[in-house]
Structure formats: structure tokens, C-alpha cells
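**Student:** Pasting input_31.cif here (mmCIF, C-alpha atoms):
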```cif
data_data
loop_
_atom_site.label_atom_id
_atom_site.label_comp_id
_atom_site.auth_asym_id
_atom_site.auth_seq_id
_atom_site.Cartn_x
_atom_site.Cartn_y
_atom_site.Cartn_z
CA MET A 4 -7.57 10.14 -27.78
CA LYS A 5 -6.09 12.83 -25.55
CA LYS A 6 -8.27 13.94 -22.65
CA VAL A 7 -8.27 17.14 -20.62
CA TYR A 8 -9.83 17.18 -17.14
CA LYS A 9 -10.89 20.44 -15.50
CA ALA A 10 -11.23 20.66 -11.71
CA HIS A 11 -9.53 22.06 -8.62
CA ILE A 12 -6.25 20.13 -8.85
CA LEU A 13 -4.06 19.34 -5.82
CA PHE A 14 -0.96 17.16 -5.61
CA THR A 15 2.51 17.09 -4.02
CA LYS A 16 5.61 17.21 -6.22
CA GLU A 17 7.67 17.75 -3.08
CA LYS A 18 7.00 16.59 0.46
CA ASN A 19 6.70 20.01 2.04
CA ARG A 20 4.05 21.71 -0.08
CA PHE A 21 0.99 21.21 -2.27
CA GLU A 22 0.69 22.24 -5.90
CA VAL A 23 -2.74 23.86 -6.22
CA PHE A 24 -4.50 24.75 -9.49
CA GLU A 25 -7.88 26.34 -8.89
CA ASN A 26 -10.07 25.58 -11.91
CA GLY A 27 -7.00 24.00 -13.48
CA TYR A 28 -6.52 21.51 -16.29
CA VAL A 29 -4.64 18.22 -16.46
CA THR A 30 -3.96 16.78 -19.90
CA VAL A 31 -3.69 13.00 -20.28
CA ASP A 32 -2.43 11.25 -23.41
CA ALA A 33 -3.91 8.18 -25.10
CA ASN A 34 -1.62 5.91 -23.06
CA GLY A 35 -3.02 7.19 -19.77
CA ARG A 36 -0.01 9.36 -18.86
CA VAL A 37 -0.04 12.96 -17.73
CA VAL A 38 1.12 15.48 -20.33
CA GLY A 39 0.95 18.43 -17.97
CA VAL A 40 -1.08 20.56 -15.58
CA SER A 41 -1.93 24.17 -16.30
CA ALA A 42 -4.00 27.06 -15.02
CA ASN A 43 -5.39 27.76 -18.50
CA LEU A 44 -6.39 25.67 -21.50
CA THR A 45 -4.53 26.61 -24.66
CA GLU A 46 -5.67 25.93 -28.20
CA SER A 47 -2.95 23.29 -28.59
CA ASP A 48 -4.22 21.56 -25.41
CA ARG A 49 -7.75 21.61 -26.75
CA ALA A 50 -6.81 20.33 -30.22
CA ASP A 51 -7.82 16.69 -30.77
CA ALA A 52 -8.80 16.39 -27.10
CA GLU A 53 -11.95 15.51 -25.21
CA VAL A 54 -12.50 18.07 -22.44
CA ILE A 55 -14.22 16.80 -19.27
CA ASP A 56 -15.29 19.47 -16.79
CA PHE A 57 -15.69 18.28 -13.18
CA GLY A 58 -16.84 21.70 -12.04
CA ASP A 59 -16.24 22.51 -8.37
CA ARG A 60 -14.80 19.08 -7.53
CA LEU A 61 -11.30 18.29 -6.26
CA LEU A 62 -8.96 16.22 -8.44
CA ILE A 63 -6.16 14.46 -6.56
CA PRO A 64 -3.84 11.46 -7.07
CA ALA A 65 -5.33 8.08 -6.21
CA MET A 66 -4.36 6.13 -3.10
CA ASN A 67 -1.67 3.44 -2.75
CA ASP A 68 -1.86 0.74 -0.04
CA MET A 69 1.70 -0.47 0.45
CA HIS A 70 1.01 -3.31 2.90
CA VAL A 71 -2.23 -5.25 3.09
CA HIS A 72 -3.23 -8.86 3.78
CA ALA A 73 -6.10 -9.52 1.38
CA PRO A 74 -7.15 -12.88 2.91
CA GLN A 75 -7.71 -11.23 6.28
CA VAL A 76 -10.66 -9.17 5.08
CA HIS A 77 -13.06 -11.46 6.98
CA ASN A 78 -11.17 -10.75 10.24
CA GLN A 79 -11.28 -6.99 9.78
CA GLY A 80 -12.26 -5.39 13.08
CA VAL A 81 -12.00 -8.69 14.99
CA ALA A 82 -9.70 -9.54 17.95
CA MET A 83 -8.27 -6.06 18.21
CA ASP A 84 -7.38 -6.66 21.87
CA MET A 85 -4.52 -9.10 21.18
CA GLU A 86 -0.78 -8.77 20.54
CA LEU A 87 0.90 -9.92 17.34
CA LEU A 88 2.00 -13.51 17.97
CA PRO A 89 -1.12 -14.85 19.73
CA TRP A 90 -3.27 -12.97 17.21
CA LEU A 91 -1.50 -14.79 14.36
CA GLN A 92 -1.99 -18.20 15.94
CA ASN A 93 -5.63 -17.75 16.97
CA TYR A 94 -7.10 -15.70 14.13
CA THR A 95 -4.85 -15.08 11.14
CA PHE A 96 -3.59 -18.57 10.41
CA PRO A 97 -6.98 -20.31 10.83
CA GLU A 98 -8.59 -17.82 8.43
CA GLU A 99 -5.84 -18.12 5.83
CA SER A 100 -6.15 -21.93 5.91
CA LYS A 101 -9.61 -21.54 4.37
CA TYR A 102 -8.04 -20.24 1.16
CA ALA A 103 -7.25 -23.79 0.07
CA ASP A 104 -10.83 -23.50 -1.24
CA VAL A 105 -10.64 -21.29 -4.35
CA HIS A 106 -14.39 -20.60 -4.20
CA TYR A 107 -14.08 -19.19 -0.70
CA ALA A 108 -11.02 -17.25 -1.85
CA GLU A 109 -12.85 -15.67 -4.78
CA ARG A 110 -15.79 -14.63 -2.59
CA MET A 111 -13.56 -12.97 -0.01
CA TYR A 112 -11.18 -11.44 -2.54
CA ARG A 113 -14.07 -9.85 -4.43
CA ARG A 114 -15.22 -8.33 -1.14
CA PHE A 115 -11.71 -7.05 -0.51
CA LEU A 116 -11.25 -5.47 -3.96
CA HIS A 117 -14.64 -3.83 -3.81
CA THR A 118 -13.75 -2.15 -0.50
CA GLN A 119 -10.42 -0.95 -1.89
CA TRP A 120 -12.25 0.50 -4.90
CA LEU A 121 -14.74 2.28 -2.63
CA PHE A 122 -11.93 4.11 -0.85
CA GLY A 123 -10.04 5.04 -4.02
CA THR A 124 -7.06 2.70 -3.63
CA MET A 125 -5.87 2.05 -7.16
CA ARG A 126 -2.49 0.40 -6.41
CA SER A 127 -1.56 -2.09 -3.70
CA VAL A 128 1.26 -4.27 -2.43
CA VAL A 129 -0.57 -7.37 -1.25
CA PHE A 130 0.01 -10.52 0.76
CA ALA A 131 -2.14 -13.43 -0.40
CA THR A 132 -1.65 -16.92 1.12
CA VAL A 133 0.54 -19.96 0.42
CA HIS A 134 -2.11 -21.27 -1.99
CA THR A 135 -1.01 -20.80 -5.60
CA GLU A 136 -4.46 -21.14 -7.19
CA SER A 137 -6.14 -18.76 -4.76
CA THR A 138 -3.33 -16.24 -5.29
CA ARG A 139 -3.89 -16.57 -9.02
CA VAL A 140 -7.60 -15.83 -8.44
CA LEU A 141 -6.71 -12.60 -6.65
CA MET A 142 -4.37 -11.51 -9.45
CA LYS A 143 -7.01 -12.23 -12.10
CA LEU A 144 -9.57 -10.21 -10.13
CA TYR A 145 -7.19 -7.23 -10.03
CA GLN A 146 -6.72 -7.56 -13.79
CA GLU A 147 -10.48 -7.75 -14.28
CA ALA A 148 -11.01 -4.62 -12.18
CA GLY A 149 -8.23 -2.65 -13.91
CA MET A 150 -6.53 -1.84 -10.60
CA GLY A 151 -2.76 -2.12 -10.11
CA ALA A 152 -1.18 -4.55 -7.64
CA LEU A 153 1.93 -6.45 -6.69
CA VAL A 154 0.55 -9.70 -5.26
CA GLY A 155 2.59 -12.16 -3.22
CA LYS A 156 2.09 -15.88 -2.83
CA VAL A 157 3.22 -16.19 0.79
CA ALA A 158 6.19 -18.42 1.62
CA MET A 159 6.23 -20.15 5.02
CA ASN A 160 7.42 -23.56 6.21
CA ARG A 161 7.92 -23.38 9.97
CA ASN A 162 6.18 -22.10 13.09
CA CYS A 163 2.81 -22.26 11.37
CA PRO A 164 -0.11 -24.71 11.10
CA ASP A 165 0.39 -27.77 8.89
CA ALA A 166 -2.29 -26.45 6.53
CA LEU A 167 -0.10 -23.41 5.76
CA CYS A 168 3.27 -25.16 5.74
CA GLU A 169 4.71 -25.63 2.25
CA ASP A 170 8.01 -27.25 1.41
CA VAL A 171 10.69 -25.30 -0.43
CA GLU A 172 10.24 -27.04 -3.76
CA ALA A 173 6.49 -26.44 -3.81
CA ALA A 174 6.98 -22.79 -2.85
CA VAL A 175 9.42 -22.27 -5.70
CA GLU A 176 7.25 -24.12 -8.22
CA GLY A 177 4.13 -22.14 -7.26
CA ASN A 178 5.95 -18.81 -7.53
CA GLU A 179 7.41 -19.73 -10.89
CA ARG A 180 3.97 -20.58 -12.24
CA LEU A 181 2.69 -17.14 -11.23
CA ILE A 182 5.82 -15.43 -12.56
CA ALA A 183 5.43 -17.17 -15.92
CA GLU A 184 1.81 -16.04 -16.22
CA PHE A 185 1.86 -12.53 -14.75
CA ASN A 186 5.37 -11.09 -14.83
CA GLN A 187 4.98 -9.06 -18.00
CA PRO A 188 6.79 -5.73 -18.53
CA ASP A 189 4.63 -2.75 -17.57
CA ALA A 190 1.76 -5.00 -16.43
CA LEU A 191 -0.54 -3.46 -13.83
CA VAL A 192 -0.68 -6.75 -11.89
CA ARG A 193 2.56 -8.59 -11.17
CA PRO A 194 3.92 -11.06 -8.60
CA ILE A 195 6.15 -10.10 -5.68
CA ILE A 196 8.36 -12.48 -3.68
CA THR A 197 6.82 -12.77 -0.21
CA PRO A 198 8.48 -14.61 2.67
CA ARG A 199 5.98 -13.97 5.46
CA PHE A 200 8.67 -13.10 8.00
CA VAL A 201 11.86 -14.70 9.22
CA PRO A 202 10.25 -16.79 12.01
CA SER A 203 7.99 -18.56 9.50
CA CYS A 204 10.74 -19.37 6.97
CA THR A 205 13.67 -21.76 7.32
CA PRO A 206 17.07 -20.63 6.01
CA GLU A 207 16.51 -22.91 3.01
CA LEU A 208 13.24 -21.18 2.15
CA LEU A 209 14.68 -17.70 2.65
CA LYS A 210 17.58 -18.65 0.37
CA ALA A 211 15.15 -19.94 -2.27
CA CYS A 212 13.13 -16.70 -2.08
CA GLY A 213 16.28 -14.65 -2.57
CA GLU A 214 17.30 -16.78 -5.54
CA LEU A 215 13.86 -16.35 -7.13
CA ALA A 216 14.03 -12.57 -6.67
CA ASN A 217 17.47 -12.46 -8.25
CA LYS A 218 16.73 -14.90 -11.09
CA TYR A 219 13.61 -13.08 -12.26
CA GLN A 220 14.48 -9.61 -10.91
CA MET A 221 11.34 -9.64 -8.81
CA PRO A 222 10.43 -7.18 -6.05
CA VAL A 223 10.32 -8.41 -2.44
CA GLN A 224 8.02 -7.71 0.51
CA SER A 225 7.98 -8.88 4.12
CA HIS A 226 7.71 -7.70 7.75
CA LEU A 227 10.48 -6.09 9.78
CA SER A 228 10.99 -5.16 13.44
CA GLU A 229 7.29 -4.91 14.26
CA ASN A 230 7.29 -6.27 17.78
CA THR A 231 9.97 -6.66 20.46
CA SER A 232 9.19 -10.33 21.11
CA GLU A 233 9.36 -10.98 17.35
CA ILE A 234 12.79 -9.29 17.18
CA ALA A 235 14.06 -11.47 20.03
CA TRP A 236 12.73 -14.54 18.22
CA VAL A 237 14.61 -13.58 15.06
CA GLN A 238 17.81 -13.05 17.04
CA ASP A 239 17.45 -16.59 18.38
CA LEU A 240 16.70 -18.11 14.96
CA GLU A 241 19.32 -16.19 12.95
CA LYS A 242 22.26 -15.96 15.31
CA GLU A 243 24.72 -14.97 12.57
CA SER A 244 22.68 -11.89 11.64
CA THR A 245 23.66 -8.58 13.19
CA CYS A 246 20.08 -7.25 13.13
CA TYR A 247 16.65 -8.29 11.86
CA GLY A 248 17.23 -6.53 8.53
CA ASP A 249 20.53 -8.32 8.11
CA ALA A 250 18.70 -11.65 8.39
CA TYR A 251 16.91 -10.74 5.13
CA ASN A 252 20.00 -9.17 3.62
CA ARG A 253 22.05 -12.36 3.99
CA TYR A 254 19.55 -14.15 1.73
CA GLY A 255 19.31 -11.43 -0.94
CA LEU A 256 15.98 -10.09 0.29
CA PHE A 257 16.87 -6.56 1.40
CA GLY A 258 17.23 -4.16 -1.49
CA GLN A 259 19.05 -6.38 -3.97
CA THR A 260 15.80 -5.97 -5.94
CA PRO A 261 13.08 -3.40 -5.08
CA THR A 262 12.07 -4.18 -1.49
CA ILE A 263 9.36 -2.99 0.87
CA MET A 264 9.30 -3.88 4.55
CA ALA A 265 6.21 -3.36 6.68
CA HIS A 266 6.17 -1.71 10.12
CA CYS A 267 9.82 -1.05 11.13
CA VAL A 268 8.54 0.07 14.51
CA TRP A 269 11.86 -0.63 16.26
CA THR A 270 14.20 0.04 13.34
CA GLU A 271 17.24 2.12 14.30
CA GLY A 272 21.03 2.19 14.12
CA GLU A 273 22.58 -0.42 11.86
CA GLU A 274 19.25 -1.58 10.49
CA LEU A 275 18.21 1.94 9.54
CA GLU A 276 21.56 2.59 7.87
CA LEU A 277 21.28 -0.67 5.93
CA MET A 278 17.82 0.32 4.69
CA LYS A 279 19.10 3.74 3.60
CA ARG A 280 22.08 2.25 1.82
CA GLN A 281 20.05 -0.34 -0.07
CA GLY A 282 16.95 1.71 -0.80
CA VAL A 283 14.49 -0.42 1.15
CA MET A 284 11.06 1.21 1.46
CA VAL A 285 9.12 1.34 4.74
CA ALA A 286 5.40 0.57 4.70
CA HIS A 287 4.14 2.49 7.74
CA CYS A 288 0.95 0.96 9.15
CA PRO A 289 -0.23 3.27 11.94
CA THR A 290 -3.49 1.52 12.87
CA SER A 291 -1.72 -1.82 13.11
CA ASN A 292 0.99 -0.28 15.32
CA LEU A 293 -1.75 0.67 17.75
CA ASN A 294 -4.09 -2.33 17.48
CA ILE A 295 -1.42 -4.98 17.96
CA ALA A 296 0.40 -2.95 20.62
CA SER A 297 3.64 -3.06 18.65
CA GLY A 298 4.71 0.51 19.36
CA LEU A 299 4.89 3.67 17.26
CA ALA A 300 7.05 3.64 14.15
CA PRO A 301 9.47 6.64 14.09
CA VAL A 302 8.28 8.02 10.76
CA ARG A 303 9.68 11.51 11.32
CA THR A 304 13.11 9.96 11.75
CA PHE A 305 12.65 7.90 8.58
CA LEU A 306 11.57 10.97 6.64
CA ASP A 307 14.43 13.12 7.92
CA GLU A 308 16.94 10.34 7.20
CA GLY A 309 15.74 10.11 3.60
CA LEU A 310 14.22 6.63 3.72
CA ARG A 311 11.55 5.80 1.18
CA ILE A 312 8.14 5.55 2.88
CA GLY A 313 4.59 4.56 2.00
CA LEU A 314 1.46 3.91 4.03
CA GLY A 315 -0.23 0.55 4.56
CA SER A 316 -3.61 -0.46 5.95
CA ASP A 317 -2.31 -3.87 7.12
CA ILE A 318 -5.73 -5.35 7.56
CA SER A 319 -6.59 -7.10 9.69
CA GLY A 320 -3.88 -5.98 12.08
CA GLY A 321 -5.15 -2.62 10.96
CA HIS A 322 -8.93 -2.29 11.01
CA ASP A 323 -9.49 0.16 8.14
CA LEU A 324 -8.90 -0.03 4.37
CA ASN A 325 -9.44 3.71 3.93
CA MET A 326 -6.01 5.16 3.08
CA PHE A 327 -7.20 8.70 3.80
CA ARG A 328 -7.69 7.54 7.37
CA MET A 329 -4.14 6.17 7.30
CA MET A 330 -2.92 9.71 6.66
CA VAL A 331 -4.82 10.92 9.72
CA TYR A 332 -3.51 8.10 11.89
CA ALA A 333 0.05 8.65 10.65
CA ILE A 334 -0.11 12.28 11.76
CA GLN A 335 -1.55 11.24 15.12
CA VAL A 336 1.12 8.58 15.69
CA SER A 337 3.80 11.15 14.89
CA LYS A 338 2.26 13.49 17.48
CA MET A 339 2.73 10.79 20.12
CA HIS A 340 6.43 10.73 19.20
CA TYR A 341 6.49 14.51 19.53
CA GLN A 342 5.19 14.19 23.09
CA GLN A 343 8.15 11.90 23.85
CA ASP A 344 10.74 13.99 22.03
CA HIS A 345 10.02 17.65 21.24
CA ASN A 346 13.08 17.70 18.98
CA LYS A 347 11.12 15.55 16.53
CA SER A 348 8.35 17.54 14.87
CA PHE A 349 5.19 15.71 13.91
CA LEU A 350 4.12 15.08 10.32
CA THR A 351 2.37 17.81 8.35
CA LEU A 352 -0.51 17.32 5.93
CA PRO A 353 1.60 17.86 2.77
CA GLU A 354 4.21 15.42 4.09
CA VAL A 355 1.75 12.65 4.80
CA PHE A 356 -0.11 13.26 1.53
CA TRP A 357 3.22 13.01 -0.33
CA ILE A 358 4.03 9.78 1.53
CA ALA A 359 0.66 8.30 0.54
CA THR A 360 0.86 9.35 -3.11
CA LYS A 361 4.17 10.20 -4.79
CA SER A 362 6.53 8.48 -2.34
CA ALA A 363 4.45 5.29 -2.15
CA GLY A 364 3.72 5.40 -5.87
CA SER A 365 7.43 5.37 -6.72
CA PHE A 366 7.46 1.64 -5.89
CA PHE A 367 5.27 1.11 -8.97
CA GLY A 368 7.16 3.52 -11.25
CA LYS A 369 5.97 7.03 -12.12
CA VAL A 370 2.80 6.95 -10.02
CA GLY A 371 1.29 9.29 -7.45
CA SER A 372 1.69 12.75 -8.97
CA PHE A 373 0.36 14.83 -11.87
CA GLU A 374 3.81 15.66 -13.22
CA PRO A 375 4.49 14.98 -16.92
CA GLY A 376 5.07 11.30 -17.68
CA TYR A 377 3.24 10.04 -14.59
CA ASP A 378 0.42 7.52 -14.90
CA PHE A 379 -2.91 9.26 -14.43
CA ASP A 380 -4.05 7.58 -11.22
CA ALA A 381 -6.64 9.99 -9.88
CA LEU A 382 -9.74 10.54 -7.78
CA VAL A 383 -12.50 13.09 -8.27
CA ILE A 384 -13.88 14.28 -4.93
CA ASN A 385 -17.32 15.87 -4.54
CA ASP A 386 -17.16 17.48 -1.09
CA SER A 387 -20.41 19.44 -1.47
CA VAL A 388 -21.74 17.99 1.83
CA LEU A 389 -18.77 19.51 3.69
CA TYR A 390 -19.66 23.19 3.05
CA PRO A 391 -16.87 23.82 0.54
CA SER A 392 -17.73 27.47 -0.11
CA GLU A 393 -16.56 28.33 3.41
CA TYR A 394 -13.02 26.96 2.99
CA SER A 395 -9.87 27.29 0.90
CA LEU A 396 -9.01 24.44 -1.46
CA LEU A 397 -6.34 23.13 0.91
CA HIS A 398 -8.76 23.15 3.83
CA ARG A 399 -11.38 21.46 1.65
CA LEU A 400 -8.92 18.65 0.98
CA GLU A 401 -7.96 18.42 4.64
CA ARG A 402 -11.60 18.25 5.69
CA PHE A 403 -12.27 15.48 3.20
CA ILE A 404 -9.26 13.52 4.50
CA TYR A 405 -10.48 13.86 8.11
CA LEU A 406 -14.26 13.88 7.66
CA GLY A 407 -15.11 12.42 4.27
CA ASP A 408 -15.75 8.87 3.11
CA ASP A 409 -16.21 6.83 -0.05
CA ARG A 410 -19.52 8.56 -0.85
CA GLN A 411 -17.61 11.70 -1.83
CA ILE A 412 -15.41 9.85 -4.38
CA GLU A 413 -17.24 10.23 -7.69
CA HIS A 414 -14.65 8.96 -10.17
CA ARG A 415 -11.58 6.72 -9.90
CA PHE A 416 -8.84 6.40 -12.50
CA CYS A 417 -5.91 4.00 -12.82
CA CYS A 418 -3.36 4.55 -15.59
CA GLY A 419 -5.78 6.86 -17.38
CA LYS A 420 -8.73 4.44 -17.38
CA GLU A 421 -11.82 5.14 -15.33
CA ILE A 422 -12.33 2.18 -12.97
CA LYS A 423 -15.92 1.10 -12.59
CA GLU A 424 -17.32 -0.64 -9.53
CA PRO A 425 -16.05 -4.24 -9.31
CA LEU A 426 -18.48 -7.09 -8.99
CA VAL A 427 -19.04 -8.40 -5.47
CA ALA A 428 -19.70 -12.16 -5.14
CA ASN A 429 -22.99 -13.37 -3.71
CA LYS A 430 -22.91 -14.05 0.01
#
```
Could you render the structure as C-alpha cells?

**Tutor:**
Amino acid sequence: MKKVYKAHILFTKEKNRFEVFENGYVTVDANGRVVGVSANLTESDRADAEVIDFGDRLLIPAMNDMHVHAPQVHNQGVAMDMELLPWLQNYTFPEESKYADVHYAERMYRRFLHTQWLFGTMRSVVFATVHTESTRVLMKLYQEAGMGALVGKVAMNRNCPDALCEDVEAAVEGNERLIAEFNQPDALVRPIITPRFVPSCTPELLKACGELANKYQMPVQSHLSENTSEIAWVQDLEKESTCYGDAYNRYGLFGQTPTIMAHCVWTEGEELELMKRQGVMVAHCPTSNLNIASGLAPVRTFLDEGLRIGLGSDISGGHDLNMFRMMVYAIQVSKMHYQQDHNKSFLTLPEVFWIATKSAGSFFGKVGSFEPGYDFDALVINDSVLYPSEYSLLHRLERFIYLGDDRQIEHRFCCGKEIKEPLVANK
């Protein structure tokens, strides 16, 4: 049955301005796709439709987290005074080793999904671990919740603990099992090929990942140019590559199928041009940039150069799963760039909102806007505690982004279906 939702509707068709419909209407068809947005409800809109009136609430597109490590939820907010490589060795890898136990994995993954739901994140691009069965558990939990995700069984076979080292044949076999079960057309939850990063993968494993992506036309995710010592390490390991991005490109992992690379803090020159040419998306993770002392990703440059961009929480390098906070941090990081170079303006609110919604959502298809044909991924915001009568609709949204929290999110929708609170496992 067609549904019509009434509220104050805000979204970004273009990166430089909001579309605002005060007391507007969005019509959603029986398949969960937007038919249109209007200022008035016509008789044809009302015909054979259920009308739901959200009153004085805000209705906005749902959030997309484009880079997140689900198994690191237990480490969230821990060891934030370390740099990337020692942090991996001392905290990340020991925690991920625990996911050999599927019961532990389910308990932690339920905690993770529940927190994403709280903050209105309805789609995610997710790193799991090397463990096939625990990765399967995470994908089943996303299906159970009704939330969308691309979930990666991580590939790694060098420069890591023995407990997380998997030979090439086992990595391929585990991925193919997940592909056979979950890679259905238009499915909300699908696999994604996930070499952790070049230093943790031998050339043979990178080649196998590229072949899997090509054979099954699978998307790809990894890390790129996050840290200067990491970049130097890659240069030493992949001497034939002209830049870090080229190390992925040589194995078919850099835009040959839809690709998203996290961080790109030090991406410039040839690497940036290669990303533009091959349509590789950047997952900008501002809190992680700061916490792991990697540097500040040049997002204004990426935006001006026409690169595809989304935002990522990157827990537990990042400390916060709230994607509204990621918008705030992204603006703040861009202001630090502005202090260094006044020729580079900092991000505006419509730009960062567009990055978080429509730009990020494009990795999943027609997601992140209320334009006709888009999946109805949406949040209903009750900002009554923030004195809404004193502010314009745009300032109400801005205040929620900066001051609000999950308690103001009253309803969450993914692909037209209202998503109820997921079950959290017993402690």
C-alpha cells in the first residue's frame, strides 16, 4: 500500500543547498521507493494511500556509515593516545582474534548493530574479521534487523598475529561461501571484497581478491594513504607500484568494480587522479584522523576535484558511531585546513549533509535523497527539547546535528520499512 508522510522535510539533491518543504509530504510506493515530495497533498496522492502525520517533526534521509570495523566495538573509546601501527598490534588484532568464537561475535555484533540503530545509521560498509562463520553471523543480524550493509570478510596473511593469518585458498573459499549465500540482486545485505590493507596481504592474496571481485562483480573496500609510516611501508613492499593506490590498481582492486577507500589523508597527485579516473570513493573518517594522529584528509580538495565522498565512523580508530557527529567533525577538520590554506574554503552544512546522505548513499544505489525512485531511507526527528519555535527549519536541523542525540530520533526507515529496535544479547 502506498504511504504518504507529512512533516518538515529536508534533504540535499545538490551539494550546495537544502530542499526544504515546511509541512510537506513525501509519497512512498509499496516497494519502499519515493514517488515524490510536494508542498501540498493532492487527491491523487491521497487515493489508495495511508497518510501518516508526524506533526512538527523533521523528516530527513537516514545516515550511511561508509567505513566501520564492527568487531572493534568493544575497543570503542580505548587507547586513543596511540598511533596507527602500534594501536593495531596492541589492541585491534588481539580483539579481532576473539571472533573465532561465534558466540562472542554474536554478542558483540548485536551490541554494534543496536548502537548503529540508535543513531539512525541504516546503511553501512563494514569490516568484519577473517572468520567466515562470525562474518556470516553479522550478515544474518543485519538481515534480521532490516538494515542495509556491505559486509567484508577481511583478508590478511602477513604482518599479523597467527590467529588472524589465513592462507589464500582459505580466504577464497570463505569469501565464495558468503558470496553464494548472500550475493543476491537488490539484497539489502551483501558481501564486499575486503583486503585489510596492502601491508597485511601478500601479492598472491591481493591477486586472489582482485580475481574474486572480477569473477563475481563484487565491490571492494580497503584502507589508503592513512599514515605516513604506512605509506612508506607500502612503498617498500610494492616497489613496482607508483603510489599506494597503484598497488591496489595492479591487482584489480581500484575501481575495476565499485570501490571505496578509507581515509586518503595523504592522497594527492597521481593517486588522486587515478581515483578520479576510476571512480573510487573516499570514506572520510574525521575522528579517526585525529585520534590516530594520521593527519587531516583534504576533503575540500576531494570535493572540488569531483571525487565521490562519504563519511565513516571508523570505530575504534574513531570513537563515535553517531554519523551526525561525523558531519560536525568533518566541518571542523576542514576548518583546520582553512587555517593552513585560506584558498581552500571549509565545508558548509549542506555540503557535509550531502556527503553523508546522497553522495555516500550512491554506493548502495539510489539511496540518500527523497527524489523520485530513491529508496525511502529516513529518520523522523523530534527536536522539541531544543526550542524549535525559536528557529528556522534549517537552524533546527543544524542544532540537532550539533546538539541532539539518539533520544530525538523517533522513527527509522530503511527501504520503506520502519526499523524497530534490534535485540541486544545478554551480557

**Student:** Report the distance between atom CA of Ser387 of chain A and atom CA of Leu13 of chain A in Å, rounded to one decimal place.

**Tutor:** 16.9 Å

**Student:** Using the chain letters and numbering of this document, enumerate as a ChimeraX atom specification the residues selected by the PyMOL selection byres ((chain A and resi 193) around 12).

**Tutor:** /A:126-129,138-139,141-143,145-146,150-156,178,181-192,194-196,219-223,367

**Student:** Based on the selection just made, write C-alpha atoms of those residues as an mmCIF file, in the frame of the given file.

**Tutor:**
```
data_model
loop_
_atom_site.group_PDB
_atom_site.id
_atom_site.type_symbol
_atom_site.label_atom_id
_atom_site.label_comp_id
_atom_site.auth_asym_id
_atom_site.auth_seq_id
_atom_site.Cartn_x
_atom_site.Cartn_y
_atom_site.Cartn_z
ATOM 1 C CA ARG A 126 -2.490 0.400 -6.410
ATOM 2 C CA SER A 127 -1.560 -2.090 -3.700
ATOM 3 C CA VAL A 128 1.260 -4.270 -2.430
ATOM 4 C CA VAL A 129 -0.570 -7.370 -1.250
ATOM 5 C CA THR A 138 -3.330 -16.240 -5.290
ATOM 6 C CA ARG A 139 -3.890 -16.570 -9.020
ATOM 7 C CA LEU A 141 -6.710 -12.600 -6.650
ATOM 8 C CA MET A 142 -4.370 -11.510 -9.450
ATOM 9 C CA LYS A 143 -7.010 -12.230 -12.100
ATOM 10 C CA TYR A 145 -7.190 -7.230 -10.030
ATOM 11 C CA GLN A 146 -6.720 -7.560 -13.790
ATOM 12 C CA MET A 150 -6.530 -1.840 -10.600
ATOM 13 C CA GLY A 151 -2.760 -2.120 -10.110
ATOM 14 C CA ALA A 152 -1.180 -4.550 -7.640
ATOM 15 C CA LEU A 153 1.930 -6.450 -6.690
ATOM 16 C CA VAL A 154 0.550 -9.700 -5.260
ATOM 17 C CA GLY A 155 2.590 -12.160 -3.220
ATOM 18 C CA LYS A 156 2.090 -15.880 -2.830
ATOM 19 C CA ASN A 178 5.950 -18.810 -7.530
ATOM 20 C CA LEU A 181 2.690 -17.140 -11.230
ATOM 21 C CA ILE A 182 5.820 -15.430 -12.560
ATOM 22 C CA ALA A 183 5.430 -17.170 -15.920
ATOM 23 C CA GLU A 184 1.810 -16.040 -16.220
ATOM 24 C CA PHE A 185 1.860 -12.530 -14.750
ATOM 25 C CA ASN A 186 5.370 -11.090 -14.830
ATOM 26 C CA GLN A 187 4.980 -9.060 -18.000
ATOM 27 C CA PRO A 188 6.790 -5.730 -18.530
ATOM 28 C CA ASP A 189 4.630 -2.750 -17.570
ATOM 29 C CA ALA A 190 1.760 -5.000 -16.430
ATOM 30 C CA LEU A 191 -0.540 -3.460 -13.830
ATOM 31 C CA VAL A 192 -0.680 -6.750 -11.890
ATOM 32 C CA PRO A 194 3.920 -11.060 -8.600
ATOM 33 C CA ILE A 195 6.150 -10.100 -5.680
ATOM 34 C CA ILE A 196 8.360 -12.480 -3.680
ATOM 35 C CA TYR A 219 13.610 -13.080 -12.260
ATOM 36 C CA GLN A 220 14.480 -9.610 -10.910
ATOM 37 C CA MET A 221 11.340 -9.640 -8.810
ATOM 38 C CA PRO A 222 10.430 -7.180 -6.050
ATOM 39 C CA VAL A 223 10.320 -8.410 -2.440
ATOM 40 C CA PHE A 367 5.270 1.110 -8.970
#
```

**Student:** Name the residues, using the chain letters and numbers of the file, that sit within 12 Å of (3.5, -24.0, 10.0) when counting only C-alpha atoms, and give them as number ranges by chain.

**Tutor:** A: 91-92, 96-97, 99-100, 133, 158-170, 199, 202-205

**Student:** Provide the atom CA of Lys420 of chain A to atom CA of Met69 of chain A distance in Å, to one decimal place.

**Tutor:**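 The value is 21.2 Å.
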
**Student:** Decode the PyMOL selection byres ((chain A and resi 391) around 12) for the given file into explicit residues and return them as a PDB file with C-alpha atoms, in the frame of the given file.

**Tutor:**
```pdb
ATOM      1  CA  HIS A  11      -9.530  22.060  -8.620  1.00  0.00           C
ATOM      2  CA  ASP A  59     -16.240  22.510  -8.370  1.00  0.00           C
ATOM      3  CA  ARG A  60     -14.800  19.080  -7.530  1.00  0.00           C
ATOM      4  CA  LEU A  61     -11.300  18.290  -6.260  1.00  0.00           C
ATOM      5  CA  ILE A 384     -13.880  14.280  -4.930  1.00  0.00           C
ATOM      6  CA  ASN A 385     -17.320  15.870  -4.540  1.00  0.00           C
ATOM      7  CA  ASP A 386     -17.160  17.480  -1.090  1.00  0.00           C
ATOM      8  CA  SER A 387     -20.410  19.440  -1.470  1.00  0.00           C
ATOM      9  CA  VAL A 388     -21.740  17.990   1.830  1.00  0.00           C
ATOM     10  CA  LEU A 389     -18.770  19.510   3.690  1.00  0.00           C
ATOM     11  CA  TYR A 390     -19.660  23.190   3.050  1.00  0.00           C
ATOM     12  CA  SER A 392     -17.730  27.470  -0.110  1.00  0.00           C
ATOM     13  CA  GLU A 393     -16.560  28.330   3.410  1.00  0.00           C
ATOM     14  CA  TYR A 394     -13.020  26.960   2.990  1.00  0.00           C
ATOM     15  CA  SER A 395      -9.870  27.290   0.900  1.00  0.00           C
ATOM     16  CA  LEU A 396      -9.010  24.440  -1.460  1.00  0.00           C
ATOM     17  CA  LEU A 397      -6.340  23.130   0.910  1.00  0.00           C
ATOM     18  CA  HIS A 398      -8.760  23.150   3.830  1.00  0.00           C
ATOM     19  CA  ARG A 399     -11.380  21.460   1.650  1.00  0.00           C
ATOM     20  CA  LEU A 400      -8.920  18.650   0.980  1.00  0.00           C
ATOM     21  CA  GLU A 401      -7.960  18.420   4.640  1.00  0.00           C
ATOM     22  CA  ARG A 402     -11.600  18.250   5.690  1.00  0.00           C
ATOM     23  CA  PHE A 403     -12.270  15.480   3.200  1.00  0.00           C
TER      24      PHE A 403
END
```
